[in-house]
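Trainee: Sending over a structure as structure tokens; questions will come in a sec.
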Amino acid sequence: MTTTYNCTSDDERAQGLEHAQRAISEKKCVVLPTDTVYGIGADAFSPQAVTMLLVSKGRSRTMPPPVLIPRLNALDGLATDVSADARKLAEAFWPGGLTLILHAQPSLDWDLGETKGTVALRMPADDIALELLTLTGPLAVSSANRTGQAPGQTAAAAREQLAESVEVYLEGGFRPKEGETAVPSTIVDATGPLLRVVRNGAVSLDQLREHVPGVLGLGEIPMAAEEPQEPVTAEASDAPETAGDSAAAGPAAAQAHSAAGSSAVSTNDNNAEN
């Protein structure tokens, strides 16, 4: 049975988190607040749960969700070949509005969709989201809305679209604050020799370059000596989500596609992140 918990109340928050943890373990979906908008989350390691998430949103496997993590040190457990530059950005902007596309650990037993061996990771700057992630482990999270509709900025708004397809709704108030414009996470493809922005968002290019001067901006081409990688349509989730969702992740209301190097993460749906 679908239940909404008011997480602005300490008692209901504890009950809601416990129910959400149980729902995730039972391969069901939950809606949670992130630092962008609300996200719909599921066990990242359960193909059944991820399929339910995609079906709830009306999305195909060609638009895999990003994965939200509770702490920085989860990065190496989920991704491989993490460059020093990618690690610098994670250390500088996590938790926060940065999603990194990385090579997924090949040993992991998961199926997020047609990812071409990549995963989009983000650590959200939201207390409720981080508390749930600490209980459940990594979650596949995309914006809490039906594809093509506006992402939910409250759990109640998300429930209007997702209804009984979600077991638990964690209501934490407006995300972002009421009256503020939802800004998606910035997505950086870190799967190639050069880091490149594939979606502009909460972290500006100037901020990124303070830590990694060589980051390529959206649409920028490497120097002539560099062979440009073949572009692949990408998704994210977490944007005026990510959730994210995100991508979370991850998602913006405008449905524009951008090149993401060798990754298969879409940037057209606003952790998220979501």
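Ordering of the structure tokens sets the chain letters (A, B, ...); residue numbers start at 1 within each chain; ligands are numbered from 1 in the order shown.
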Leaving out region 98-112 of chain A and any residue of its chain fewer than 6 positions from it, which residues lie within 6 Å of it when counting only C-alpha atoms, given as a ChimeraX atom specification?

Mentor: /A:45,47,64,78-80,118-122,185-191

Trainee: Would you put the residues from that selection into a file with N, CA and C atoms, as a PDB file, in the first residue's frame?

Mentor:
ATOM      1  N   PHE A  45      21.096  -2.427  -7.655  1.00  0.00           N
ATOM      2  CA  PHE A  45      21.630  -3.749  -7.959  1.00  0.00           C
ATOM      3  C   PHE A  45      20.535  -4.765  -8.300  1.00  0.00           C
ATOM      4  N   PRO A  47      17.854  -5.674 -11.138  1.00  0.00           N
ATOM      5  CA  PRO A  47      17.262  -5.400 -12.456  1.00  0.00           C
ATOM      6  C   PRO A  47      15.752  -5.256 -12.395  1.00  0.00           C
ATOM      7  N   PRO A  64      19.011   5.070 -19.192  1.00  0.00           N
ATOM      8  CA  PRO A  64      19.299   4.532 -17.857  1.00  0.00           C
ATOM      9  C   PRO A  64      19.393   5.625 -16.801  1.00  0.00           C
ATOM     10  N   LEU A  78      32.082   1.414  -7.165  1.00  0.00           N
ATOM     11  CA  LEU A  78      31.129   1.373  -8.272  1.00  0.00           C
ATOM     12  C   LEU A  78      31.747   1.708  -9.617  1.00  0.00           C
ATOM     13  N   ALA A  79      32.874   2.403  -9.606  1.00  0.00           N
ATOM     14  CA  ALA A  79      33.507   2.838 -10.857  1.00  0.00           C
ATOM     15  C   ALA A  79      34.950   2.376 -10.898  1.00  0.00           C
ATOM     16  N   THR A  80      35.481   2.275 -12.112  1.00  0.00           N
ATOM     17  CA  THR A  80      36.864   1.868 -12.291  1.00  0.00           C
ATOM     18  C   THR A  80      37.580   2.881 -13.174  1.00  0.00           C
ATOM     19  N   THR A 118      29.055   2.221 -18.674  1.00  0.00           N
ATOM     20  CA  THR A 118      29.310   3.395 -17.841  1.00  0.00           C
ATOM     21  C   THR A 118      28.269   3.503 -16.726  1.00  0.00           C
ATOM     22  N   VAL A 119      28.534   4.384 -15.786  1.00  0.00           N
ATOM     23  CA  VAL A 119      27.568   4.687 -14.739  1.00  0.00           C
ATOM     24  C   VAL A 119      27.700   6.167 -14.403  1.00  0.00           C
ATOM     25  N   ALA A 120      26.577   6.819 -14.151  1.00  0.00           N
ATOM     26  CA  ALA A 120      26.569   8.225 -13.738  1.00  0.00           C
ATOM     27  C   ALA A 120      26.359   8.278 -12.230  1.00  0.00           C
ATOM     28  N   LEU A 121      27.328   8.845 -11.502  1.00  0.00           N
ATOM     29  CA  LEU A 121      27.295   8.855 -10.047  1.00  0.00           C
ATOM     30  C   LEU A 121      27.174  10.276  -9.502  1.00  0.00           C
ATOM     31  N   ARG A 122      26.431  10.393  -8.393  1.00  0.00           N
ATOM     32  CA  ARG A 122      26.323  11.683  -7.715  1.00  0.00           C
ATOM     33  C   ARG A 122      26.070  11.445  -6.238  1.00  0.00           C
ATOM     34  N   SER A 185      21.787  19.066 -11.908  1.00  0.00           N
ATOM     35  CA  SER A 185      23.216  18.878 -11.656  1.00  0.00           C
ATOM     36  C   SER A 185      23.974  19.069 -12.965  1.00  0.00           C
ATOM     37  N   THR A 186      25.205  19.530 -12.856  1.00  0.00           N
ATOM     38  CA  THR A 186      26.109  19.568 -13.997  1.00  0.00           C
ATOM     39  C   THR A 186      26.608  18.152 -14.239  1.00  0.00           C
ATOM     40  N   ILE A 187      26.624  17.730 -15.503  1.00  0.00           N
ATOM     41  CA  ILE A 187      27.094  16.377 -15.821  1.00  0.00           C
ATOM     42  C   ILE A 187      28.422  16.479 -16.555  1.00  0.00           C
ATOM     43  N   VAL A 188      29.414  15.764 -16.032  1.00  0.00           N
ATOM     44  CA  VAL A 188      30.744  15.730 -16.638  1.00  0.00           C
ATOM     45  C   VAL A 188      31.066  14.296 -17.038  1.00  0.00           C
ATOM     46  N   ASP A 189      31.410  14.100 -18.303  1.00  0.00           N
ATOM     47  CA  ASP A 189      31.836  12.794 -18.796  1.00  0.00           C
ATOM     48  C   ASP A 189      33.319  12.625 -18.469  1.00  0.00           C
ATOM     49  N   ALA A 190      33.621  11.661 -17.606  1.00  0.00           N
ATOM     50  CA  ALA A 190      35.002  11.413 -17.196  1.00  0.00           C
ATOM     51  C   ALA A 190      35.490  10.065 -17.699  1.00  0.00           C
ATOM     52  N   THR A 191      34.926   9.595 -18.824  1.00  0.00           N
ATOM     53  CA  THR A 191      35.314   8.285 -19.347  1.00  0.00           C
ATOM     54  C   THR A 191      36.451   8.355 -20.356  1.00  0.00           C
TER      55      THR A 191
END

Trainee: Report the residues of region 30-153 of chain A whose backbone DSSP state falls under alpha helix (DSSP H), written as JSON, numbers by chain.

Mentor: {"A": [47, 48, 49, 50, 51, 52, 53, 54, 55, 56, 57, 75, 76, 77, 78, 84, 85, 86, 87, 88, 89, 90, 91, 92, 93, 127, 128, 129, 130, 131, 132, 133, 134, 135, 136]}

Trainee: Given only C-alpha atoms, how would the per-residue table for region 50-95 of chain A near region 145-151 of chain A read, listing every residue at most 12 Å away with its closest atom pair and distance in Å to one decimal, sorted by chain and number, as JSON lines?

Mentor:
{"residue": "A:Leu53", "atom": "CA", "partner": "A:Arg146", "partner_atom": "CA", "distance": 10.4}
{"residue": "A:Leu54", "atom": "CA", "partner": "A:Thr147", "partner_atom": "CA", "distance": 9.4}
{"residue": "A:Val55", "atom": "CA", "partner": "A:Arg146", "partner_atom": "CA", "distance": 9.3}
{"residue": "A:Ser56", "atom": "CA", "partner": "A:Arg146", "partner_atom": "CA", "distance": 7.1}
{"residue": "A:Lys57", "atom": "CA", "partner": "A:Arg146", "partner_atom": "CA", "distance": 4.4}
{"residue": "A:Gly58", "atom": "CA", "partner": "A:Thr147", "partner_atom": "CA", "distance": 5.8}
{"residue": "A:Arg59", "atom": "CA", "partner": "A:Thr147", "partner_atom": "CA", "distance": 6.5}
{"residue": "A:Ser60", "atom": "CA", "partner": "A:Thr147", "partner_atom": "CA", "distance": 10.0}
{"residue": "A:Met63", "atom": "CA", "partner": "A:Thr147", "partner_atom": "CA", "distance": 10.5}

Trainee: Might you pull out every residue within 10 Å of Leu205 (chain A), with only C-alpha atoms counted and same-chain residues fewer than 3 positions away left off, and present them as number ranges by chain?

Mentor: A: 186, 196-197, 200-202, 208-210, 212-213, 215-218

Trainee: Within 8 Å of Glu131 (chain A), counting only C-alpha atoms, which residues show up once you throw out same-chain ones fewer than 3 positions away? Write them as a list in words, please.

Mentor: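 Residues near the query, excluding close chain neighbours: Leu17, Pro70, Asp127, Ile128, Thr134 and Leu135 of chain A.
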
Trainee: Return the single residue from A:Val141, A:Ala84, A:Ala155, A:Val203 that is closest to Arg175 (chain A), with distances computed using only C-alpha atoms.

Mentor: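 Of A:Val141, A:Ala84, A:Ala155, A:Val203, the one nearest Arg175 (chain A) is A:Ala155, counting only C-alpha atoms.
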
Trainee: Based on DSSP run over this structure's backbone, return all residues of region 70-130 of chain A in strand (DSSP E), as a VMD selection string.

Mentor: chain A and resid 79 to 80 98 to 104 118 to 122

Trainee: Between A:Arg199, A:Arg71, A:Lys28, A:Arg87, which is the closest to Ala140 (chain A) once you count only C-alpha atoms?

Mentor: A:Lys28

Trainee: Just checking: using only C-alpha atoms, which residue out of A:Ala158, A:Val37, A:Val31, A:Ala144 ends up closest to Thr181 (chain A)?

Mentor: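 Under the stated criterion, the closest residue is A:Val37.
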
Trainee: When you draw a straight line from CA of Ile24 (chain A) to CA of Thr62 (chain A), how long is it in Å?

Mentor: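 For CA of Ile24 (chain A) relative to CA of Thr62 (chain A), the distance reads 23.0 Å.
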
Trainee: Counting only C-alpha atoms, which of A:Ser143, A:Leu195, A:Asp81, A:Lys177 gets nearest to Gln161 (chain A)?

Mentor: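 For Gln161 (chain A), the nearest of the given residues is A:Ser143.
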